[in-house]
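> What follows is query_32.tsv; its format and atoms are TSV, C-alpha atoms.
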```
chain	number	residue	atom	x	y	z
P	1	MET	CA	106.08	117.65	103.02
P	2	ALA	CA	107.42	117.33	99.49
P	3	LEU	CA	108.23	114.09	97.70
P	4	ILE	CA	109.97	113.68	94.37
P	5	ALA	CA	110.13	110.19	92.86
P	6	VAL	CA	112.88	109.70	90.28
P	7	SER	CA	112.91	106.46	88.32
P	8	GLY	CA	113.44	105.36	84.75
P	9	GLN	CA	114.90	102.89	82.33
P	10	THR	CA	117.80	100.72	83.40
P	11	GLY	CA	121.17	102.31	82.67
P	12	CYS	CA	120.01	105.94	82.88
P	13	ARG	CA	122.08	106.83	85.97
P	14	ILE	CA	118.98	107.70	87.92
P	15	GLU	CA	120.72	107.96	91.30
P	16	GLU	CA	123.18	110.51	89.94
P	17	VAL	CA	120.36	112.80	88.79
P	18	ALA	CA	118.47	112.28	92.05
P	19	ARG	CA	121.57	112.98	94.17
P	20	ILE	CA	122.35	116.28	92.43
P	21	SER	CA	118.67	117.29	92.59
P	22	ALA	CA	118.59	116.57	96.33
P	23	GLN	CA	121.67	118.74	96.87
P	24	ARG	CA	120.24	121.63	94.86
P	25	LEU	CA	116.82	121.55	96.52
P	26	GLY	CA	117.97	120.70	100.06
P	27	PHE	CA	115.94	117.46	100.09
P	28	GLN	CA	117.05	114.20	101.64
P	29	LEU	CA	118.00	111.49	99.15
P	30	VAL	CA	116.60	107.99	99.65
P	31	THR	CA	118.19	105.33	97.45
P	32	GLN	CA	117.48	101.64	97.06
P	33	SER	CA	120.52	100.73	99.17
P	34	ARG	CA	119.40	103.03	101.97
P	35	VAL	CA	115.92	101.54	101.86
P	36	ARG	CA	117.41	98.07	102.34
P	37	SER	CA	119.27	99.32	105.41
P	38	LEU	CA	116.16	101.01	106.84
P	39	ILE	CA	114.07	97.89	106.25
P	40	GLN	CA	116.58	95.83	108.20
P	41	GLN	CA	116.59	98.35	111.05
P	42	GLU	CA	112.81	98.50	111.26
P	43	PHE	CA	111.78	94.95	110.42
P	44	GLY	CA	114.89	92.88	111.11
P	45	SER	CA	116.88	90.70	108.75
P	46	GLY	CA	114.04	88.29	107.93
P	47	PRO	CA	112.63	88.16	104.40
P	48	ILE	CA	109.87	90.57	103.41
P	49	PRO	CA	107.20	89.00	101.18
P	50	ASP	CA	107.09	90.58	97.73
P	51	LYS	CA	103.44	91.56	98.18
P	52	ALA	CA	104.35	93.46	101.36
P	53	TYR	CA	107.23	95.42	99.86
P	54	ALA	CA	105.17	98.44	98.75
P	55	ASP	CA	103.65	98.80	102.23
P	56	VAL	CA	107.05	98.46	103.91
P	57	LEU	CA	108.48	101.13	101.61
P	58	THR	CA	105.53	103.44	102.27
P	59	SER	CA	105.94	102.98	106.02
P	60	ILE	CA	109.61	103.99	105.86
P	61	THR	CA	108.86	106.92	103.56
P	62	ALA	CA	106.14	108.24	105.89
P	63	ARG	CA	108.47	108.15	108.88
P	64	LEU	CA	111.24	110.02	107.04
P	65	ALA	CA	108.73	112.56	105.71
P	66	THR	CA	107.99	113.84	109.22
P	67	GLU	CA	111.46	115.40	109.31
P	68	HIS	CA	112.54	115.93	105.69
P	69	HIS	CA	111.46	116.67	102.16
P	70	LEU	CA	112.46	113.61	100.15
P	71	ILE	CA	113.77	112.53	96.77
P	72	LEU	CA	113.20	108.83	96.24
P	73	ALA	CA	115.54	107.23	93.70
P	74	ILE	CA	113.61	103.97	93.83
P	75	ASP	CA	111.92	102.10	91.01
P	76	GLY	CA	108.16	102.11	91.61
P	77	ALA	CA	108.21	105.03	94.05
P	78	GLU	CA	105.80	106.96	91.83
P	79	LEU	CA	103.12	104.46	92.86
P	80	LEU	CA	103.69	105.09	96.56
P	81	ILE	CA	103.71	108.84	96.74
P	82	ARG	CA	100.18	109.17	95.39
P	83	ARG	CA	99.24	108.87	99.07
P	84	PHE	CA	100.98	112.15	99.88
P	85	PRO	CA	99.89	115.73	99.06
P	86	ALA	CA	102.91	117.44	97.42
P	87	ILE	CA	104.51	115.23	94.78
P	88	LEU	CA	106.51	115.26	91.58
P	89	ARG	CA	106.98	112.04	89.61
P	90	VAL	CA	109.95	112.01	87.24
P	91	TYR	CA	110.85	109.35	84.67
P	92	ILE	CA	114.18	109.24	82.84
P	93	THR	CA	114.46	107.47	79.49
P	94	ALA	CA	117.17	107.09	76.86
P	95	PRO	CA	117.94	105.17	73.66
P	96	GLU	CA	119.53	101.78	74.20
P	97	ALA	CA	122.84	102.95	72.73
P	98	VAL	CA	123.12	105.63	75.42
P	99	ARG	CA	122.29	103.22	78.19
P	100	VAL	CA	124.76	100.63	76.90
P	101	GLY	CA	127.39	103.38	76.83
P	102	ASN	CA	126.69	104.16	80.50
P	103	VAL	CA	127.08	100.51	81.43
P	104	MET	CA	130.37	100.37	79.50
P	105	LEU	CA	131.75	103.27	81.54
P	106	ASP	CA	130.30	102.22	84.89
P	107	ARG	CA	131.41	98.59	84.66
P	108	ARG	CA	134.42	99.00	82.37
P	109	LEU	CA	133.06	96.57	79.80
P	110	ASP	CA	133.34	96.38	76.05
P	111	ARG	CA	130.18	97.17	74.09
P	112	PRO	CA	128.97	93.57	73.47
P	113	SER	CA	129.45	92.68	77.15
P	114	ALA	CA	127.79	95.90	78.27
P	115	LYS	CA	124.82	95.26	76.02
P	116	GLU	CA	124.37	91.78	77.44
P	117	ALA	CA	124.73	93.13	80.98
P	118	LEU	CA	122.10	95.79	80.29
P	119	TRP	CA	119.62	93.18	79.06
P	120	GLU	CA	120.19	91.09	82.20
P	121	MET	CA	119.73	94.15	84.41
P	122	GLU	CA	116.54	95.13	82.58
P	123	ALA	CA	115.11	91.64	83.00
P	124	GLY	CA	115.91	91.66	86.70
P	125	ASP	CA	114.39	95.10	87.21
P	126	ALA	CA	111.22	94.10	85.35
P	127	ALA	CA	110.86	90.91	87.38
P	128	ALA	CA	111.34	92.78	90.65
P	129	ARG	CA	108.86	95.47	89.68
P	130	LYS	CA	106.24	92.89	88.75
P	131	ALA	CA	106.78	91.03	92.03
P	132	TYR	CA	106.55	94.20	94.13
P	133	PHE	CA	103.95	96.23	92.24
P	134	GLY	CA	102.15	93.80	89.94
P	135	LYS	CA	103.41	95.14	86.60
P	136	PRO	CA	106.82	94.77	84.91
P	137	ALA	CA	106.83	98.34	83.57
P	138	PRO	CA	105.25	101.66	84.60
P	139	ALA	CA	102.34	103.22	82.76
P	140	PRO	CA	103.31	106.24	80.61
P	141	ASP	CA	100.77	108.45	82.38
P	142	ALA	CA	102.18	107.65	85.84
P	143	PHE	CA	104.64	110.57	85.67
P	144	ASP	CA	104.49	114.34	85.73
P	145	LEU	CA	107.83	114.90	84.00
P	146	THR	CA	109.62	112.65	81.49
P	147	LEU	CA	113.24	113.41	80.61
P	148	ASN	CA	115.28	112.06	77.70
P	149	ALA	CA	118.86	111.30	78.78
P	150	GLY	CA	119.74	110.87	75.13
P	151	ALA	CA	119.18	114.58	74.54
P	152	LEU	CA	119.90	116.01	78.01
P	153	ASN	CA	122.88	115.59	80.30
P	154	SER	CA	122.54	115.13	84.06
P	155	GLU	CA	122.93	118.83	84.85
P	156	GLN	CA	120.22	119.80	82.37
P	157	MET	CA	117.83	117.19	83.75
P	158	VAL	CA	118.49	118.43	87.28
P	159	GLU	CA	117.70	121.99	86.20
P	160	LEU	CA	114.35	120.87	84.80
P	161	ILE	CA	113.52	118.93	87.98
P	162	GLU	CA	114.50	121.93	90.10
P	163	THR	CA	112.38	124.26	87.97
P	164	ALA	CA	109.36	121.95	88.19
P	165	ALA	CA	109.73	121.59	91.97
P	166	ARG	CA	109.93	125.32	92.47
P	167	SER	CA	107.03	125.96	90.08
P	168	LEU	CA	104.89	123.57	92.13
P	169	ALA	CA	106.15	125.19	95.37
P	170	LEU	CA	106.88	121.76	96.79
P	171	ALA	CA	109.29	122.96	99.46
P	172	GLU	CA	106.65	125.33	100.85
P	173	HIS	CA	104.67	122.40	102.16
P	174	GLY	CA	105.36	121.48	105.77
P	175	TYR	CA	106.63	118.07	106.78
P	176	LEU	CA	104.17	115.24	107.31
P	177	SER	CA	102.46	115.75	110.67
P	178	ALA	CA	102.82	113.18	113.43
P	179	ALA	CA	99.05	112.59	113.40
P	180	ALA	CA	98.95	112.01	109.64
P	181	GLU	CA	101.95	109.70	109.83
P	182	ALA	CA	100.36	107.72	112.66
P	183	GLN	CA	97.22	107.14	110.60
P	184	ILE	CA	99.27	106.00	107.60
P	185	GLN	CA	101.38	103.71	109.78
P	186	PHE	CA	98.35	102.11	111.38
P	187	GLN	CA	96.72	101.20	108.06
P	188	ILE	CA	100.00	99.86	106.70
P	189	ARG	CA	100.83	97.87	109.81
P	190	LEU	CA	97.39	96.31	109.88
P	191	ARG	CA	98.00	95.05	106.34
P	192	LEU	CA	101.53	93.91	107.18
P	193	ALA	CA	100.19	92.00	110.17
P	194	ARG	CA	98.37	89.74	107.72
P	195	HIS	CA	101.78	88.74	106.36
P	196	LYS	CA	102.99	87.92	109.90
P	197	ILE	CA	105.73	90.52	109.62
P	198	ILE	CA	107.12	91.36	113.05
P	199	PRO	CA	109.43	94.36	113.58
P	200	ALA	CA	112.88	94.10	115.08
P	201	GLY	CA	112.83	94.29	118.87
P	202	SER	CA	109.22	93.14	119.35
P	203	ILE	CA	108.50	92.13	122.92
P	204	SER	CA	105.56	89.76	122.72
P	205	LEU	CA	105.38	86.99	125.27
P	206	ALA	CA	105.19	83.24	124.68
P	207	ARG	CA	102.90	82.25	121.81
P	208	ARG	CA	100.33	79.56	121.36
P	209	THR	CA	98.41	78.34	118.35
P	210	PHE	CA	95.70	80.85	117.55
P	211	ALA	CA	92.12	79.76	117.15
P	212	HIS	CA	91.29	82.32	114.47
P	213	GLN	CA	93.21	84.37	111.90
P	214	SER	CA	91.97	87.63	113.39
P	215	GLU	CA	93.78	86.73	116.61
P	216	GLN	CA	97.05	86.24	114.72
P	217	ILE	CA	96.56	89.61	112.99
P	218	PHE	CA	95.86	91.33	116.31
P	219	ALA	CA	98.95	89.76	117.91
P	220	ASN	CA	101.14	90.89	115.03
P	221	LEU	CA	99.67	94.38	115.23
P	222	LEU	CA	100.54	94.55	118.93
P	223	ASP	CA	104.05	93.45	118.07
P	224	PHE	CA	104.33	96.32	115.60
P	225	TYR	CA	103.51	98.74	118.42
P	226	ARG	CA	105.86	96.89	120.78
P	227	ILE	CA	103.16	96.04	123.28
P	228	ALA	CA	103.55	92.89	125.37
P	229	TRP	CA	100.61	90.49	125.24
P	230	GLU	CA	99.50	87.12	126.53
P	231	TYR	CA	97.15	84.84	124.65
P	232	GLU	CA	94.28	83.26	126.63
P	233	PRO	CA	96.22	83.54	129.90
P	234	ARG	CA	93.32	82.98	132.30
P	235	THR	CA	89.93	81.27	132.44
P	236	PHE	CA	87.20	82.81	134.59
P	237	PRO	CA	84.22	80.84	135.94
P	238	ILE	CA	80.97	82.71	135.24
P	239	HIS	CA	78.25	80.18	136.17
P	240	TRP	CA	77.91	77.39	138.73
P	241	ASP	CA	75.43	74.52	139.01
P	242	ALA	CA	73.34	73.65	142.07
P	243	ASP	CA	76.23	71.66	143.54
P	244	GLY	CA	78.60	74.57	143.29
P	245	LYS	CA	80.57	73.14	140.37
P	246	VAL	CA	81.63	75.39	137.51
P	247	ALA	CA	79.06	75.00	134.74
P	248	GLU	CA	80.35	77.72	132.42
P	249	SER	CA	83.58	79.65	132.08
P	250	PHE	CA	85.06	82.34	129.87
P	251	THR	CA	88.63	82.78	128.54
P	252	PRO	CA	89.35	86.22	127.05
P	253	ASP	CA	91.53	86.14	123.94
P	254	PHE	CA	94.29	88.50	125.07
P	255	TYR	CA	95.71	90.18	128.13
P	256	LEU	CA	97.84	93.32	127.82
P	257	PRO	CA	99.89	93.47	131.05
P	258	GLU	CA	101.03	97.04	130.58
P	259	PHE	CA	97.43	98.30	130.56
P	260	ASP	CA	95.92	95.58	132.75
P	261	LEU	CA	93.43	95.07	129.94
P	262	TYR	CA	91.71	91.92	128.70
P	263	VAL	CA	90.61	91.96	125.05
P	264	GLU	CA	88.04	89.67	123.48
P	265	LEU	CA	87.92	89.70	119.68
P	266	THR	CA	84.77	88.94	117.75
P	267	THR	CA	83.44	88.86	114.20
P	268	MET	CA	80.48	90.62	112.66
P	269	LYS	CA	78.29	87.51	113.08
P	270	GLN	CA	75.51	88.64	115.40
P	271	SER	CA	75.01	85.28	117.12
P	272	LEU	CA	78.65	85.24	118.22
P	273	VAL	CA	78.52	88.87	119.30
P	274	THR	CA	75.47	88.24	121.46
P	275	LYS	CA	77.05	85.19	123.06
P	276	LYS	CA	80.32	86.94	123.83
P	277	ASN	CA	78.62	90.08	125.13
P	278	ARG	CA	76.60	87.96	127.54
P	279	LYS	CA	79.74	86.29	128.86
P	280	VAL	CA	81.57	89.59	129.22
P	281	ARG	CA	78.58	91.09	131.05
P	282	LEU	CA	78.52	88.17	133.51
P	283	LEU	CA	82.26	88.40	134.00
P	284	LYS	CA	82.06	92.13	134.81
P	285	GLU	CA	79.20	91.55	137.24
P	286	LEU	CA	81.30	88.97	139.08
P	287	ASN	CA	84.53	91.00	138.83
P	288	PRO	CA	83.60	94.71	138.80
P	289	ALA	CA	87.24	95.83	138.86
P	290	LEU	CA	88.20	93.73	135.82
P	291	ASN	CA	89.14	95.76	132.75
P	292	ILE	CA	87.86	93.92	129.66
P	293	GLN	CA	86.65	95.07	126.25
P	294	VAL	CA	85.11	93.34	123.23
P	295	PHE	CA	86.58	94.41	119.90
P	296	TYR	CA	85.64	93.93	116.29
P	297	GLN	CA	88.57	94.00	113.87
P	298	LYS	CA	87.42	97.46	112.81
P	299	ASP	CA	87.96	98.60	116.41
P	300	PHE	CA	91.70	97.84	116.35
P	301	GLU	CA	92.42	101.43	115.38
P	302	ASN	CA	90.44	102.71	118.36
P	303	LEU	CA	92.59	100.62	120.68
P	304	VAL	CA	95.82	101.83	119.11
P	305	PHE	CA	94.98	105.53	119.34
P	306	LYS	CA	93.10	105.41	122.66
P	307	TYR	CA	96.09	103.98	124.47
P	308	GLY	CA	98.64	106.18	122.76
P	309	LEU	CA	100.35	103.37	120.87
P	310	ALA	CA	100.67	105.49	117.74
P	311	GLU	CA	102.59	108.17	119.63
P	312	ARG	CA	104.84	105.50	121.07
P	313	LEU	CA	105.63	104.22	117.56
P	314	VAL	CA	106.60	107.71	116.39
P	315	LYS	CA	109.00	108.08	119.32
P	316	ALA	CA	110.49	104.57	118.99
```
Hey, can you dump this file as structure tokens for me?

Amino acid sequence: MALIAVSGQTGCRIEEVARISAQRLGFQLVTQSRVRSLIQQEFGSGPIPDKAYADVLTSITARLATEHHLILAIDGAELLIRRFPAILRVYITAPEAVRVGNVMLDRRLDRPSAKEALWEMEAGDAAARKAYFGKPAPAPDAFDLTLNAGALNSEQMVELIETAARSLALAEHGYLSAAAEAQIQFQIRLRLARHKIIPAGSISLARRTFAHQSEQIFANLLDFYRIAWEYEPRTFPIHWDADGKVAESFTPDFYLPEFDLYVELTTMKQSLVTKKNRKVRLLKELNPALNIQVFYQKDFENLVFKYGLAERLVKA
């Protein structure tokens, strides 16, 4: 899998250079407008928190990278593709006069109006970058290749990108494997679950107020993998007094109907673990056929891969 990130100063016609490069190299072009469309398809039309944007973009990139080599014409993409093995990070710069001239042509403005428009665009781009990635401008050492649009035209810049890509043998790398993509998606989706981001078409059942944040995270994670769940659906008696009245009971946190599996979440606090393990042991002794497991948060990944949820996500 090969990834080329093309970004740069506002007004440098970055998409034009990226589009021609994609055509020459046979890569698939991913622009900001396409990303917006893919985000809506995957996560619905609801707002994505700024702090979650980088993870959402990485999730989409990983899925596309299982079938294509990619050129990302997206500001900040150079920060994302450090996760992947075969990369080229390109930055395009130009004097202000050149960039103002581009705005004049693209928007059919006179020079003073184009200059003002460029400043407004730059301010907006800087604000968005800071919101999404924490800094208003990229670090100079974040790129492998820097091109000056004041000295080079689009065709010349494309030739340099093409030469660099071939020199690095980017296209010789295979696409991202399904297993590698599943691991990336799991880590991303676990983080996104903390933001309560639910994908389009999730099928979770009726909700209740959660007793602990880890339960909310787990529910959101199940939603990402489109697995139906019920929260505290049933209470089991596990101890009776001398008169036959229920003296102690146990309510597992979740039930997954598709797998006929009860899940009890716990923390790392040993006293709670011991207490819950005792209850689960009693419950199993009284109901040998009951399928129940105790999970730490670190065990979420085991659940996802044991039951094939990652493969289901890839096929969705």
> Please, what distance in Å, to one decimal, runs between CA of Arg234 (chain P) and CA of Tyr296 (chain P)?
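Atom-to-atom, CA of Arg234 (chain P) and CA of Tyr296 (chain P) are spaced 20.9 Å apart.
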> Suppose you want the space between CA of Lys130 (chain P) and CA of Val103 (chain P); what is it in Å?
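Taking CA of Lys130 (chain P) and CA of Val103 (chain P), their separation equals 23.4 Å.
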> Quick one: residues within 9 Å of Phe259 (chain P), all atoms listed in the file, excluding same-chain residues fewer than 3 positions away - as JSON, numbers by chain?
{"P": [255, 256, 262, 291, 307]}
> From the options P:Val263, P:Met104, P:Leu282, P:Leu109, which residue's atoms come nearest to Gly11 (chain P), counting all atoms listed in the file?
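Comparing P:Val263, P:Met104, P:Leu282, P:Leu109 against Gly11 (chain P), the winner is P:Met104.
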> Any idea what the distance is between CA of Gln32 (chain P) and CA of Ile74 (chain P)?
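Between CA of Gln32 (chain P) and CA of Ile74 (chain P) the gap is 5.6 Å.
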> When you count all atoms listed in the file, which of these residues is closest to Pro47 (chain P): P:Ile20, P:Ile197, P:Val280, P:Leu261?
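Closest to Pro47 (chain P) of all the choices is P:Ile197.
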> Name the closest residue to Ala94 (chain P) among the candidates P:Cys12, P:Met1, P:Ile217, P:Leu80; distances are taken between atoms, counting all atoms listed in the file.
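Using all atoms listed in the file, the shortest distance to Ala94 (chain P) belongs to P:Cys12.
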> Excluding same-chain residues fewer than 3 positions from Ala65 (chain P), what lies within 8 Å of it counting all atoms listed in the file, as a PyMOL selection string?
chain P and resi 1-2+61-62+68-70+175-176
> Would you list the residues near (106.2, 110.3, 94.2), meaning any protein, DNA or RNA residue with an atom at most 8 Å from that point in file coordinates, counting all atoms listed in the file, as a VMD selection string?
chain P and resid 3 to 6 72 77 to 82 84 87 to 89
> So which one's closest to Ala126 (chain P), P:Thr266, P:Asp141, P:Ala165, P:Asp75? Using all atoms listed in the file, please.
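With all atoms listed in the file as the atom set, the closest residue is P:Asp75.
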> My list of candidates is P:Ile60, P:Ala54, P:Val100, P:Ala180. Which is closest to Gly76 (chain P) when distances are computed with all atoms listed in the file?
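Going through P:Ile60, P:Ala54, P:Val100, P:Ala180 one by one, the smallest distance to Gly76 (chain P) is for P:Ala54.
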> I need every residue sitting at most 7 Å from the point (112.5, 103.9, 108.9) (coordinates as in the file, only C-alpha atoms considered), written as a list in words.
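Residues satisfying the cut-off, written out: Leu38, Ile39, Glu42, Ile60, Arg63 and Leu64 of chain P.
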